[in-house]
>>> print(open('entry_4.cif').read())   # mmCIF, C-alpha atoms and all ligand atoms
data_start
#
loop_
_atom_site.label_atom_id
_atom_site.label_comp_id
_atom_site.auth_asym_id
_atom_site.auth_seq_id
_atom_site.Cartn_x
_atom_site.Cartn_y
_atom_site.Cartn_z
CA MET A 1 -39.51 31.76 28.42
CA THR A 2 -40.26 35.31 29.47
CA LYS A 3 -37.92 37.46 31.53
CA SER A 4 -37.52 37.21 35.26
CA ARG A 5 -35.49 38.16 38.25
CA ARG A 6 -32.87 35.46 38.27
CA THR A 7 -31.21 33.73 41.16
CA PRO A 8 -27.64 33.14 40.05
CA TYR A 9 -26.40 29.57 40.11
CA ALA A 10 -23.66 30.59 42.57
CA GLN A 11 -26.32 31.34 45.22
CA GLN A 12 -27.85 27.89 44.97
CA ARG A 13 -26.89 24.96 47.19
CA PRO A 14 -27.80 21.28 47.34
CA GLN A 15 -30.54 20.98 49.95
CA GLU A 16 -32.40 18.48 52.04
CA LEU A 17 -36.11 19.30 51.79
CA GLY A 18 -37.40 16.76 54.32
CA GLY A 19 -39.51 13.68 53.77
CA GLY A 20 -36.74 11.95 51.84
CA VAL A 21 -36.50 14.61 49.14
CA TRP A 22 -33.40 16.58 48.14
CA SER A 23 -32.62 19.18 45.48
CA VAL A 24 -29.39 19.77 43.60
CA PRO A 25 -28.92 22.82 41.34
CA VAL A 26 -27.18 21.82 38.11
CA PRO A 27 -25.80 24.69 35.99
CA ILE A 28 -26.85 25.21 32.37
CA PRO A 29 -23.64 26.68 30.91
CA GLY A 30 -24.20 29.84 28.91
CA ASN A 31 -27.97 29.92 29.45
CA PRO A 32 -29.68 32.83 31.26
CA LEU A 33 -31.99 30.33 32.97
CA GLY A 34 -28.92 29.53 35.12
CA TYR A 35 -29.62 26.06 36.44
CA THR A 36 -31.93 23.08 36.56
CA LEU A 37 -33.11 21.88 39.96
CA VAL A 38 -32.66 18.12 39.99
CA TYR A 39 -34.60 16.36 42.74
CA ALA A 40 -33.78 13.08 44.45
CA VAL A 41 -36.56 11.06 46.12
CA ASP A 42 -35.46 8.40 48.57
CA SER A 43 -36.75 4.83 48.70
CA PRO A 44 -35.63 1.64 50.49
CA LYS A 45 -34.09 0.40 47.23
CA GLY A 46 -32.21 3.61 46.47
CA PRO A 47 -32.90 7.16 45.30
CA LEU A 48 -34.77 8.19 42.19
CA LEU A 49 -33.88 11.37 40.28
CA ILE A 50 -36.42 13.71 38.77
CA ASP A 51 -34.65 15.25 35.75
CA ALA A 52 -30.88 15.16 35.38
CA GLY A 53 -29.60 18.46 33.94
CA TRP A 54 -27.70 19.61 30.87
CA ASN A 55 -25.12 17.28 29.33
CA HIS A 56 -21.89 19.17 30.09
CA PRO A 57 -18.84 18.19 32.19
CA ASP A 58 -19.44 21.06 34.68
CA ALA A 59 -23.07 20.04 35.05
CA TRP A 60 -22.07 16.43 35.69
CA THR A 61 -19.59 17.56 38.36
CA ALA A 62 -22.31 19.67 40.00
CA LEU A 63 -24.83 16.83 39.91
CA SER A 64 -22.62 14.00 41.14
CA GLY A 65 -20.78 16.28 43.62
CA GLY A 66 -24.03 17.86 44.86
CA LEU A 67 -25.58 14.46 45.48
CA ALA A 68 -22.40 13.39 47.30
CA THR A 69 -22.58 16.37 49.69
CA LEU A 70 -26.09 15.15 50.57
CA GLY A 71 -24.75 11.65 51.22
CA ILE A 72 -26.07 10.19 47.97
CA ASP A 73 -23.75 8.22 45.71
CA VAL A 74 -24.79 8.74 42.10
CA ALA A 75 -24.01 5.03 41.51
CA SER A 76 -26.89 4.15 43.87
CA VAL A 77 -29.56 5.90 41.77
CA ILE A 78 -32.21 3.38 40.67
CA GLY A 79 -34.08 5.44 38.10
CA VAL A 80 -34.34 8.84 36.39
CA VAL A 81 -37.76 10.20 35.53
CA VAL A 82 -37.49 12.97 32.98
CA THR A 83 -40.29 15.56 33.09
CA HIS A 84 -39.75 16.29 29.37
CA PHE A 85 -37.18 15.70 26.66
CA HIS A 86 -35.50 19.16 26.68
CA PRO A 87 -31.70 19.07 27.03
CA ASP A 88 -31.65 20.95 30.36
CA HIS A 89 -33.73 18.09 31.84
CA ALA A 90 -32.90 14.92 29.92
CA GLY A 91 -29.32 15.78 28.88
CA LEU A 92 -27.49 13.99 31.68
CA ALA A 93 -29.93 11.09 32.08
CA GLY A 94 -27.77 8.84 29.90
CA ARG A 95 -24.67 9.65 31.95
CA VAL A 96 -26.51 8.79 35.20
CA ARG A 97 -27.63 5.49 33.64
CA GLU A 98 -24.03 4.68 32.70
CA ALA A 99 -22.80 5.45 36.21
CA SER A 100 -25.52 3.56 38.07
CA GLY A 101 -27.43 1.18 35.83
CA ALA A 102 -30.57 3.24 36.53
CA TRP A 103 -33.52 3.07 34.14
CA ILE A 104 -34.74 6.21 32.38
CA ALA A 105 -38.46 6.93 32.10
CA MET A 106 -40.42 9.62 30.28
CA HIS A 107 -43.90 10.10 28.89
CA GLU A 108 -44.59 8.11 25.74
CA ALA A 109 -45.23 11.25 23.63
CA ASP A 110 -41.79 12.71 24.42
CA ALA A 111 -40.22 9.25 24.02
CA ALA A 112 -41.62 9.21 20.46
CA LEU A 113 -39.97 12.61 19.80
CA VAL A 114 -36.64 11.38 21.15
CA ARG A 115 -36.81 8.36 18.82
CA PHE A 116 -37.64 10.73 15.93
CA MET A 117 -34.58 12.89 16.77
CA HIS A 118 -32.33 9.84 16.87
CA GLY A 119 -33.59 8.83 13.44
CA MET A 120 -32.95 12.21 11.80
CA ALA A 121 -29.68 12.99 10.04
CA ASP A 122 -28.16 16.49 10.54
CA GLY A 123 -28.71 17.58 6.93
CA GLU A 124 -32.32 16.44 7.06
CA HIS A 125 -32.81 18.42 10.26
CA ASP A 126 -31.45 21.64 8.70
CA ASP A 127 -33.65 21.31 5.59
CA PHE A 128 -36.67 20.70 7.76
CA GLN A 129 -36.00 23.88 9.79
CA ALA A 130 -35.27 26.05 6.75
CA GLN A 131 -38.51 25.00 5.07
CA MET A 132 -40.55 25.61 8.19
CA LEU A 133 -39.10 29.12 8.53
CA ARG A 134 -39.90 30.00 4.92
CA ARG A 135 -43.50 28.86 5.30
CA ALA A 136 -43.79 31.09 8.36
CA GLY A 137 -42.74 34.12 6.32
CA ALA A 138 -39.22 34.55 7.69
CA ASP A 139 -36.97 36.73 5.56
CA PRO A 140 -34.66 34.39 3.59
CA SER A 141 -31.63 36.27 4.96
CA GLU A 142 -32.80 35.45 8.48
CA VAL A 143 -33.37 31.78 7.80
CA ALA A 144 -29.70 30.88 7.89
CA GLN A 145 -29.14 32.77 11.15
CA VAL A 146 -32.18 31.54 13.06
CA MET A 147 -31.18 27.92 12.97
CA PRO A 148 -29.24 27.06 16.11
CA GLY A 149 -26.75 24.24 16.30
CA ARG A 150 -28.48 21.03 17.23
CA PRO A 151 -27.61 19.55 20.65
CA ALA A 152 -27.20 15.78 20.68
CA PRO A 153 -30.58 14.13 21.29
CA PRO A 154 -31.14 12.81 24.82
CA ALA A 155 -30.70 9.14 25.70
CA LEU A 156 -33.51 6.81 24.63
CA PRO A 157 -35.70 5.91 27.61
CA ASP A 158 -36.04 2.38 29.00
CA ARG A 159 -39.59 2.96 30.23
CA GLU A 160 -42.52 4.97 29.00
CA LEU A 161 -45.13 6.56 31.25
CA ARG A 162 -48.76 7.43 30.65
CA ASP A 163 -51.06 9.72 32.57
CA GLY A 164 -51.87 8.35 36.01
CA ASP A 165 -49.06 5.76 36.08
CA LEU A 166 -47.32 5.20 39.40
CA VAL A 167 -43.55 5.35 39.04
CA GLU A 168 -41.92 2.18 40.35
CA LEU A 169 -40.48 3.37 43.65
CA PRO A 170 -40.78 1.08 46.68
CA ARG A 171 -42.85 2.45 49.60
CA ARG A 172 -43.47 5.80 47.90
CA LYS A 173 -46.35 7.03 45.82
CA LEU A 174 -45.15 9.06 42.87
CA ARG A 175 -47.72 9.50 40.12
CA ALA A 176 -47.27 10.86 36.60
CA VAL A 177 -49.67 13.66 35.66
CA HIS A 178 -49.62 14.31 31.93
CA THR A 179 -49.37 18.08 31.39
CA PRO A 180 -48.82 18.64 27.64
CA GLY A 181 -48.18 22.13 26.29
CA HIS A 182 -44.52 23.02 26.83
CA THR A 183 -43.81 19.66 25.15
CA PRO A 184 -46.37 17.05 24.03
CA GLY A 185 -45.20 14.60 26.68
CA HIS A 186 -44.46 16.91 29.59
CA ILE A 187 -45.34 15.36 32.95
CA CYS A 188 -45.59 16.69 36.47
CA LEU A 189 -44.96 14.17 39.24
CA HIS A 190 -47.24 14.09 42.24
CA LEU A 191 -45.55 12.75 45.36
CA GLU A 192 -48.80 11.69 46.96
CA ASP A 193 -47.20 10.51 50.19
CA ALA A 194 -45.82 14.02 50.85
CA ASP A 195 -48.32 16.41 49.15
CA ARG A 196 -45.77 17.81 46.76
CA LEU A 197 -45.79 18.32 43.04
CA PHE A 198 -42.65 18.26 40.91
CA THR A 199 -43.67 20.65 38.16
CA GLY A 200 -40.78 20.46 35.68
CA ASP A 201 -41.16 23.50 33.39
CA HIS A 202 -44.97 23.41 33.42
CA VAL A 203 -45.49 25.74 36.40
CA LEU A 204 -42.63 28.00 37.48
CA PRO A 205 -42.90 30.68 40.17
CA ASP A 206 -42.01 33.78 38.15
CA ILE A 207 -41.49 32.98 34.47
CA THR A 208 -43.81 31.13 32.11
CA PRO A 209 -42.60 28.28 29.92
CA HIS A 210 -42.24 28.53 26.19
CA VAL A 211 -45.27 27.12 24.36
CA GLY A 212 -44.74 26.96 20.62
CA ILE A 213 -45.74 25.06 17.49
CA TYR A 214 -43.07 23.39 15.38
CA PRO A 215 -43.30 23.36 12.40
CA TYR A 216 -45.01 26.74 12.81
CA ASP A 217 -47.82 26.08 10.32
CA ARG A 218 -49.13 22.81 11.78
CA ASP A 219 -52.89 22.80 12.15
CA ASP A 220 -53.28 19.32 13.64
CA VAL A 221 -52.17 20.30 17.15
CA ASP A 222 -53.05 23.08 19.59
CA PRO A 223 -50.31 23.12 22.26
CA LEU A 224 -51.49 26.35 23.89
CA ALA A 225 -54.99 24.90 24.40
CA ASP A 226 -53.30 21.76 25.79
CA PHE A 227 -51.17 23.92 28.08
CA LEU A 228 -54.19 25.84 29.42
CA GLU A 229 -55.99 22.57 30.08
CA SER A 230 -52.88 21.18 31.78
CA LEU A 231 -52.82 24.22 34.07
CA GLU A 232 -56.41 23.45 35.01
CA ARG A 233 -55.48 19.84 35.77
CA VAL A 234 -52.69 20.93 38.06
CA ALA A 235 -54.95 23.49 39.78
CA GLU A 236 -57.42 20.68 40.50
CA LEU A 237 -54.76 18.90 42.57
CA GLY A 238 -55.14 21.68 45.15
CA PRO A 239 -52.71 24.04 46.89
CA LEU A 240 -49.74 21.65 46.85
CA ASP A 241 -46.16 22.77 47.40
CA ALA A 242 -44.50 23.06 43.99
CA LEU A 243 -40.98 21.83 43.29
CA PRO A 244 -40.14 23.31 39.89
CA ALA A 245 -37.14 22.58 37.68
CA HIS A 246 -36.03 26.24 37.56
CA GLU A 247 -36.10 29.29 39.83
CA TRP A 248 -37.27 28.29 43.35
CA ILE A 249 -39.69 26.15 45.36
CA PHE A 250 -43.03 27.82 46.06
CA PRO A 251 -46.33 27.10 47.86
CA ASP A 252 -49.78 26.71 46.28
CA VAL A 253 -49.32 25.46 42.76
CA ALA A 254 -53.04 25.98 42.07
CA ALA A 255 -52.82 29.76 42.59
CA ARG A 256 -49.81 30.09 40.30
CA ALA A 257 -51.43 27.89 37.63
CA ALA A 258 -54.47 30.22 37.63
CA GLU A 259 -52.17 33.25 37.25
CA ILE A 260 -50.42 31.75 34.23
CA ARG A 261 -53.79 30.92 32.65
CA ASP A 262 -54.86 34.55 33.04
CA HIS A 263 -51.60 35.73 31.49
CA HIS A 264 -52.22 33.67 28.33
CA GLU A 265 -55.91 34.55 28.11
CA LYS A 266 -54.96 38.25 28.20
CA LYS A 267 -52.31 37.68 25.55
CA LEU A 268 -54.85 35.83 23.38
CA GLY A 269 -57.36 38.67 23.85
CA ARG A 270 -54.78 41.30 22.86
CA LEU A 271 -53.68 39.37 19.79
CA GLY A 272 -57.32 38.81 18.75
CA ASP A 273 -57.90 42.59 18.96
CA GLN A 274 -54.74 43.37 16.98
CA MET A 275 -55.71 40.87 14.27
CA ALA A 276 -59.17 42.44 14.03
CA GLU A 277 -57.60 45.85 13.39
CA ARG A 278 -55.57 44.59 10.45
CA VAL A 279 -57.33 44.09 7.13
CA GLU A 280 -54.63 42.20 5.25
CA PRO A 281 -53.70 38.58 6.02
CA LEU A 282 -50.47 38.30 8.02
CA THR A 283 -47.69 35.73 8.05
CA ILE A 284 -46.63 34.16 11.35
CA TRP A 285 -43.45 36.25 11.17
CA GLU A 286 -45.45 39.47 10.74
CA VAL A 287 -47.67 38.53 13.67
CA ALA A 288 -44.65 37.75 15.86
CA ALA A 289 -43.17 41.18 15.02
CA MET A 290 -46.46 42.82 16.05
CA MET A 291 -46.70 41.07 19.45
CA THR A 292 -45.10 42.31 22.68
CA TRP A 293 -41.93 40.51 23.80
CA ASN A 294 -39.50 41.31 26.57
CA ARG A 295 -37.41 43.26 24.06
CA PRO A 296 -38.42 45.19 20.93
CA TRP A 297 -38.62 42.86 17.91
CA ASP A 298 -35.74 44.64 16.16
CA ASP A 299 -33.47 43.96 19.15
CA LEU A 300 -34.36 40.27 19.44
CA PRO A 301 -31.51 38.00 18.36
CA THR A 302 -32.63 35.89 15.42
CA MET A 303 -32.70 32.66 17.43
CA LEU A 304 -35.11 34.24 19.91
CA ARG A 305 -37.18 35.50 16.97
CA GLY A 306 -37.53 31.87 15.92
CA MET A 307 -38.90 31.03 19.38
CA ALA A 308 -41.14 34.11 19.41
CA ALA A 309 -42.56 32.97 16.07
CA GLY A 310 -43.26 29.55 17.60
CA GLU A 311 -45.17 31.25 20.39
CA ALA A 312 -47.03 33.51 17.95
CA ALA A 313 -47.97 30.39 15.95
CA ALA A 314 -49.33 28.71 19.11
CA HIS A 315 -51.49 31.74 19.96
CA LEU A 316 -52.72 32.00 16.36
CA ARG A 317 -53.63 28.32 16.35
CA THR A 318 -55.69 28.71 19.54
CA LEU A 319 -57.48 31.79 18.14
CA GLU A 320 -58.16 29.77 14.99
CA SER A 321 -59.65 26.84 16.89
CA ARG A 322 -61.78 29.30 18.89
CA GLY A 323 -63.17 30.65 15.60
CA LYS A 324 -61.63 34.13 15.89
CA ILE A 325 -59.30 33.99 12.90
CA ARG A 326 -58.86 31.95 9.76
CA ARG A 327 -55.84 30.44 8.06
CA ILE A 328 -55.08 31.09 4.39
CA THR A 329 -52.93 28.46 2.70
CA GLY A 330 -51.86 27.93 -0.87
CA GLY A 331 -49.28 30.75 -1.15
CA ASP A 332 -45.58 30.61 -0.37
CA ALA A 333 -46.30 31.18 3.32
CA VAL A 334 -49.34 30.51 5.49
CA ARG A 335 -51.27 33.66 6.52
CA PHE A 336 -53.90 34.50 9.11
CA GLN A 337 -56.79 36.96 9.07
CA ALA A 338 -59.50 37.92 11.57
CA LEU A 339 -62.99 36.54 10.95
CA ASP A 340 -65.82 39.04 11.02
CA SER A 341 -67.61 38.69 14.29
ZN ZN B 1 -38.33 22.77 28.82
ZN ZN B 2 -36.24 23.66 31.51
#
>>> encode(input="entry_4.cif", output="structure tokens", more="lines below")
Ligand SMILES: [Zn+2]
Ligand SMILES: [Zn+2]
Amino acid sequence: MTKSRRTPYAQQRPQELGGGVWSVPVPIPGNPLGYTLVYAVDSPKGPLLIDAGWNHPDAWTALSGGLATLGIDVASVIGVVVTHFHPDHAGLAGRVREASGAWIAMHEADAALVRFMHGMADGEHDDFQAQMLRRAGADPSEVAQVMPGRPAPPALPDRELRDGDLVELPRRKLRAVHTPGHTPGHICLHLEDADRLFTGDHVLPDITPHVGIYPYDRDDVDPLADFLESLERVAELGPLDALPAHEWIFPDVAARAAEIRDHHEKKLGRLGDQMAERVEPLTIWEVAAMMTWNRPWDDLPTMLRGMAAGEAAAHLRTLESRGKIRRITGGDAVRFQALDS
């Protein structure tokens, strides 16, 4: 994610938003993002949660206590729909299920990733990351530092959603809109009976979500192209009120989606120009070091360099599929070079 003005968690309160919708800020301990906004949507059978927050005792206290101040007993929750598998969204879903017997639902593509994570041993995971960093041209001394500790994978879902599915919620109309990019199975949720869109991390009012490729050198996916298309999809829904998972609620999701599209098109244009100025093929790491981030490359902590490289890889992949650059494989690391236009 890129930098922003932040609203501290301490300034956030559980809120009733009208129309049987509530929001509860749930802190993400030690993360500059501050908090996840968890939403509750009422139904005659009981409330449904959209996202659940980070799996941490303080976060659980904030979620269950926040719901209680709004008159909602966490034990009455009937389901948790997770916008995507990231730990600040899916982390507490398992705990809510334990407390209430609620089902957990997510898009089938993220469900597949969660199953993959459950099946991977820690050692395997570390080898996988180290290899991917080397192929991206990371300095071997950096490889050891970049790899963060692995949070426990989120709970396995009970239900899987596809694009256009209605979430089972009596007398409400809540539809899944598949918006891949930030993750392959990211969904927004359109509350059609109240003209609102729960946007997860896909569209946020001030920052833009991280869009990366992992492993960095994959050429069978193009998440940035997916993300741009997903922004278009959301814009087509019209000027709905957006209820994002971070920052604050904002009007006119279509306008913000168009802004984020422009931001990435400009970034792609700049990177294309920079690549055209360089004669020699560049590794993903070299490209990441050349791009503009919210801090100079040399000041970026190594873990953030790993994420910056993921973002560089996503932009390179899109330029490649648009025919602006080519990929050179066969060496120790994959490299990219501008095509003559
Ligand atoms: Zn996320
Ligand atoms: Zn998030």
>>> closest_residue(input="entry_4.cif", among="A:Leu237, A:Leu189, A:Ile207, A:Ala111", to="ligand ZN 2 (chain B)", atoms="only C-alpha atoms and all ligand atoms")
A:Ile207
>>> residues_near_ligand(input="entry_4.cif", ligand="ligand ZN 1 (chain B)", cutoff="8 Å", atoms="all atoms listed in the file", output="PyMOL selection string")
chain A and resi 84-89+182-183+200-201+209-210
>>> write_last_selection(input="entry_4.cif", atoms="C-alpha atoms", output="PDB file, keeping the file's coordinate frame")
ATOM      1  CA  HIS A  84     -39.750  16.290  29.370  1.00  0.00           C
ATOM      2  CA  PHE A  85     -37.180  15.700  26.660  1.00  0.00           C
ATOM      3  CA  HIS A  86     -35.500  19.160  26.680  1.00  0.00           C
ATOM      4  CA  PRO A  87     -31.700  19.070  27.030  1.00  0.00           C
ATOM      5  CA  ASP A  88     -31.650  20.950  30.360  1.00  0.00           C
ATOM      6  CA  HIS A  89     -33.730  18.090  31.840  1.00  0.00           C
ATOM      7  CA  HIS A 182     -44.520  23.020  26.830  1.00  0.00           C
ATOM      8  CA  THR A 183     -43.810  19.660  25.150  1.00  0.00           C
ATOM      9  CA  GLY A 200     -40.780  20.460  35.680  1.00  0.00           C
ATOM     10  CA  ASP A 201     -41.160  23.500  33.390  1.00  0.00           C
ATOM     11  CA  PRO A 209     -42.600  28.280  29.920  1.00  0.00           C
ATOM     12  CA  HIS A 210     -42.240  28.530  26.190  1.00  0.00           C
TER      13      HIS A 210
END
>>> residues_around(input="entry_4.cif", residues="A:Lys324", least_positions_apart="5", cutoff="12 Å", atoms="all atoms listed in the file", output="number ranges by chain")
A: 268-269, 271-276, 315-319, 336-341
>>> closest_residue(input="entry_4.cif", among="A:Arg95, A:Lys45, A:His202, A:Arg115", to="ligand ZN 2 (chain B)", atoms="all atoms listed in the file")
A:His202
>>> closest_residue(input="entry_4.cif", among="A:Met303, A:Ala102, A:Ala254, A:Val41", to="A:Ala194", atoms="only C-alpha atoms")
A:Val41
